[in-house]
Amino acid sequence: MQRKGYNGFSYADLAADLGVCKATIHHHFPTKADLGRTVIAQYRAGFTAALADIDENHISAQQRLQSYIMLFRDTLEKKHKICLAVMLAAGIESLPESVKEELTLFFQVNDLWLTDTLQAGKTNGEFVFSSSAAEAAKMIFSALSGAMVVAQSIGDPDRLHTVGDWLATFLSPNQTLEPSSPQQNKA
């Protein structure tokens with residue numbers, strides 16, 4: 001589902017990957033919507049746990065934001081995948097309502113965590129931005145998601161690095177509008 005999208009995978013694909021028969025999967029998940037909802041709920045739970053780990057291990061908002069950006073980078077570079085929620089959102093029109101609801105919850109978790117992190121950083125002087133923290137959070141998630149999709153599509157993970165670096169630099173009170181790009185670092 002994370003590689004092919006909701007409409008691109010089948011019970012037969014999953015059964016082959018798991019080495020079980022399709023009936024076994026149908027026993028636990030009578031409909032594809034049941035399976036999709038469960039997979040996204042588990043993905044959200046794992047992502048929420050990763051955010052809690054970031055909060056536990058990083059005091060500064062800047063460090064938390066950098067670690068958040070690394071979640072996207074690691075998914076793309078180490079797992080060679082796009083965020084499951086982003087992948088599924090691309091085909092939102094064809095998703096069952098129960099799957100859409102789980103996607104909405106995933107996006108809300110991201111928006112809330114980023115909003116809290118950005119507001120904390122703005123309050124303590126780590127970040128400077130003129131919009132509300134909620135608006136900045138939506139912009140950051142959207143920029144990272146879009147960069148991830150394009151980077152995967154064209155086989156250029158540096159694109160995601162560049163966007164992540166720009167976002168972190170742009171929020172800095174000592175911002176320079178010319179963060180170093182991966183190409184500049186190679187010179």
# chains A, B, ... in the order shown; residues from 1 in each chain; ligands from 1
>>> select_by_dssp(residues="region 2-187 of chain A", states="alpha helix (DSSP H)", output="PyMOL selection string")
chain A and resi 11-18+22-28+32-57+61-77+84-89+97-123+133-154+158-171+182-186
>>> write_last_selection(atoms="C-alpha atoms", output="compact mmCIF listing (two decimals), in the first residue's frame")
# COMPACT_ATOMS: atom_id res chain seq x y z
CA TYR A 11 -5.24 -9.16 -1.17
CA ALA A 12 -3.31 -11.43 -3.55
CA ASP A 13 -0.27 -9.10 -3.36
CA LEU A 14 -0.45 -9.03 0.42
CA ALA A 15 -0.94 -12.80 0.69
CA ALA A 16 2.10 -13.37 -1.53
CA ASP A 17 4.22 -10.95 0.51
CA LEU A 18 3.20 -12.60 3.79
CA LYS A 22 -5.99 -14.72 0.72
CA ALA A 23 -8.65 -16.36 2.90
CA THR A 24 -6.51 -15.79 5.98
CA ILE A 25 -6.37 -12.07 5.31
CA HIS A 26 -10.10 -11.94 4.52
CA HIS A 27 -10.79 -13.68 7.84
CA HIS A 28 -9.15 -10.82 9.75
CA LYS A 32 -10.27 -3.80 1.81
CA ALA A 33 -11.57 -0.75 3.71
CA ASP A 34 -11.16 -2.64 7.01
CA LEU A 35 -7.60 -3.51 6.09
CA GLY A 36 -6.80 0.03 4.91
CA ARG A 37 -8.25 1.63 8.04
CA THR A 38 -6.28 -0.73 10.28
CA VAL A 39 -3.02 -0.21 8.41
CA ILE A 40 -3.34 3.57 8.61
CA ALA A 41 -4.33 3.45 12.29
CA GLN A 42 -1.21 1.39 13.03
CA TYR A 43 0.92 3.74 10.93
CA ARG A 44 -0.49 6.70 12.87
CA ALA A 45 0.23 4.95 16.18
CA GLY A 46 3.84 4.30 15.12
CA PHE A 47 4.28 7.88 13.94
CA THR A 48 2.75 9.21 17.16
CA ALA A 49 5.21 7.08 19.13
CA ALA A 50 8.08 8.49 17.05
CA LEU A 51 6.89 12.03 17.86
CA ALA A 52 6.72 11.17 21.57
CA ASP A 53 10.27 9.82 21.33
CA ILE A 54 11.40 13.07 19.72
CA ASP A 55 9.76 15.06 22.53
CA GLU A 56 11.39 12.86 25.16
CA ASN A 57 14.88 13.04 23.68
CA ALA A 61 12.18 23.09 19.46
CA GLN A 62 14.89 23.37 16.78
CA GLN A 63 16.14 19.86 17.60
CA ARG A 64 12.59 18.52 17.59
CA LEU A 65 11.92 20.06 14.17
CA GLN A 66 15.17 18.65 12.78
CA SER A 67 14.23 15.20 14.09
CA TYR A 68 10.78 15.52 12.54
CA ILE A 69 12.35 16.34 9.18
CA MET A 70 14.58 13.27 9.62
CA LEU A 71 11.47 11.07 9.86
CA PHE A 72 10.67 12.08 6.29
CA ARG A 73 14.26 11.67 5.12
CA ASP A 74 14.62 8.24 6.71
CA THR A 75 11.37 7.00 5.15
CA LEU A 76 12.55 8.08 1.73
CA GLU A 77 16.23 7.18 1.95
CA LEU A 84 1.93 6.09 3.74
CA ALA A 85 -0.55 8.87 4.52
CA VAL A 86 0.87 11.09 1.80
CA MET A 87 0.78 8.22 -0.68
CA LEU A 88 -2.86 7.47 0.13
CA ALA A 89 -3.88 11.13 0.17
CA GLU A 97 -14.87 7.07 4.16
CA SER A 98 -13.37 5.00 6.99
CA VAL A 99 -9.93 5.23 5.37
CA LYS A 100 -10.34 8.98 4.79
CA GLU A 101 -11.19 9.40 8.48
CA GLU A 102 -7.98 7.64 9.54
CA LEU A 103 -5.98 9.80 7.13
CA THR A 104 -7.53 12.92 8.64
CA LEU A 105 -6.50 11.75 12.12
CA PHE A 106 -2.92 11.21 10.91
CA PHE A 107 -2.78 14.72 9.47
CA GLN A 108 -4.27 16.16 12.66
CA VAL A 109 -1.58 14.46 14.76
CA ASN A 110 1.09 16.07 12.55
CA ASP A 111 -0.56 19.49 12.58
CA LEU A 112 -0.96 19.48 16.36
CA TRP A 113 2.58 18.29 17.08
CA LEU A 114 4.14 20.74 14.65
CA THR A 115 1.96 23.58 15.94
CA ASP A 116 3.03 22.90 19.53
CA THR A 117 6.69 22.60 18.55
CA LEU A 118 6.64 25.77 16.46
CA GLN A 119 4.79 27.75 19.12
CA ALA A 120 7.30 26.63 21.76
CA GLY A 121 10.15 27.63 19.48
CA LYS A 122 8.58 31.01 18.74
CA THR A 123 7.92 31.65 22.43
CA ALA A 133 2.03 28.42 14.48
CA ALA A 134 -0.88 26.39 13.04
CA GLU A 135 -0.44 27.98 9.61
CA ALA A 136 3.32 27.45 9.72
CA ALA A 137 2.76 23.81 10.72
CA LYS A 138 0.53 23.20 7.70
CA MET A 139 3.10 24.82 5.42
CA ILE A 140 5.95 22.69 6.81
CA PHE A 141 4.03 19.41 6.55
CA SER A 142 2.87 20.27 3.04
CA ALA A 143 6.35 21.28 1.90
CA LEU A 144 7.95 18.11 3.27
CA SER A 145 5.21 15.91 1.84
CA GLY A 146 5.43 17.46 -1.59
CA ALA A 147 9.22 17.35 -1.59
CA MET A 148 9.09 13.67 -0.63
CA VAL A 149 6.79 12.82 -3.53
CA VAL A 150 8.84 14.76 -6.07
CA ALA A 151 12.16 13.43 -4.72
CA GLN A 152 10.89 9.85 -5.01
CA SER A 153 9.44 10.49 -8.47
CA ILE A 154 12.64 11.85 -9.95
CA ASP A 158 18.65 15.80 -2.22
CA ARG A 159 15.43 17.66 -3.06
CA LEU A 160 13.95 16.61 0.28
CA HIS A 161 17.19 17.59 2.04
CA THR A 162 17.10 21.02 0.42
CA VAL A 163 13.49 21.65 1.46
CA GLY A 164 14.16 20.46 5.03
CA ASP A 165 17.24 22.67 5.30
CA TRP A 166 15.37 25.67 3.91
CA LEU A 167 12.50 25.20 6.34
CA ALA A 168 14.77 24.99 9.37
CA THR A 169 16.89 27.92 8.19
CA PHE A 170 13.94 30.08 7.26
CA LEU A 171 12.48 29.78 10.78
CA PRO A 182 23.68 19.54 -1.14
CA GLN A 183 25.30 20.60 -4.43
CA GLN A 184 27.13 23.45 -2.68
CA ASN A 185 28.34 21.06 0.03
CA LYS A 186 29.85 18.76 -2.61
>>> atom_distance(atom1="CA of Ser172 (chain A)", atom2="CA of Asp156 (chain A)")
25.8 Å
>>> atom_distance(atom1="CA of Phe127 (chain A)", atom2="CA of His58 (chain A)")
15.7 Å
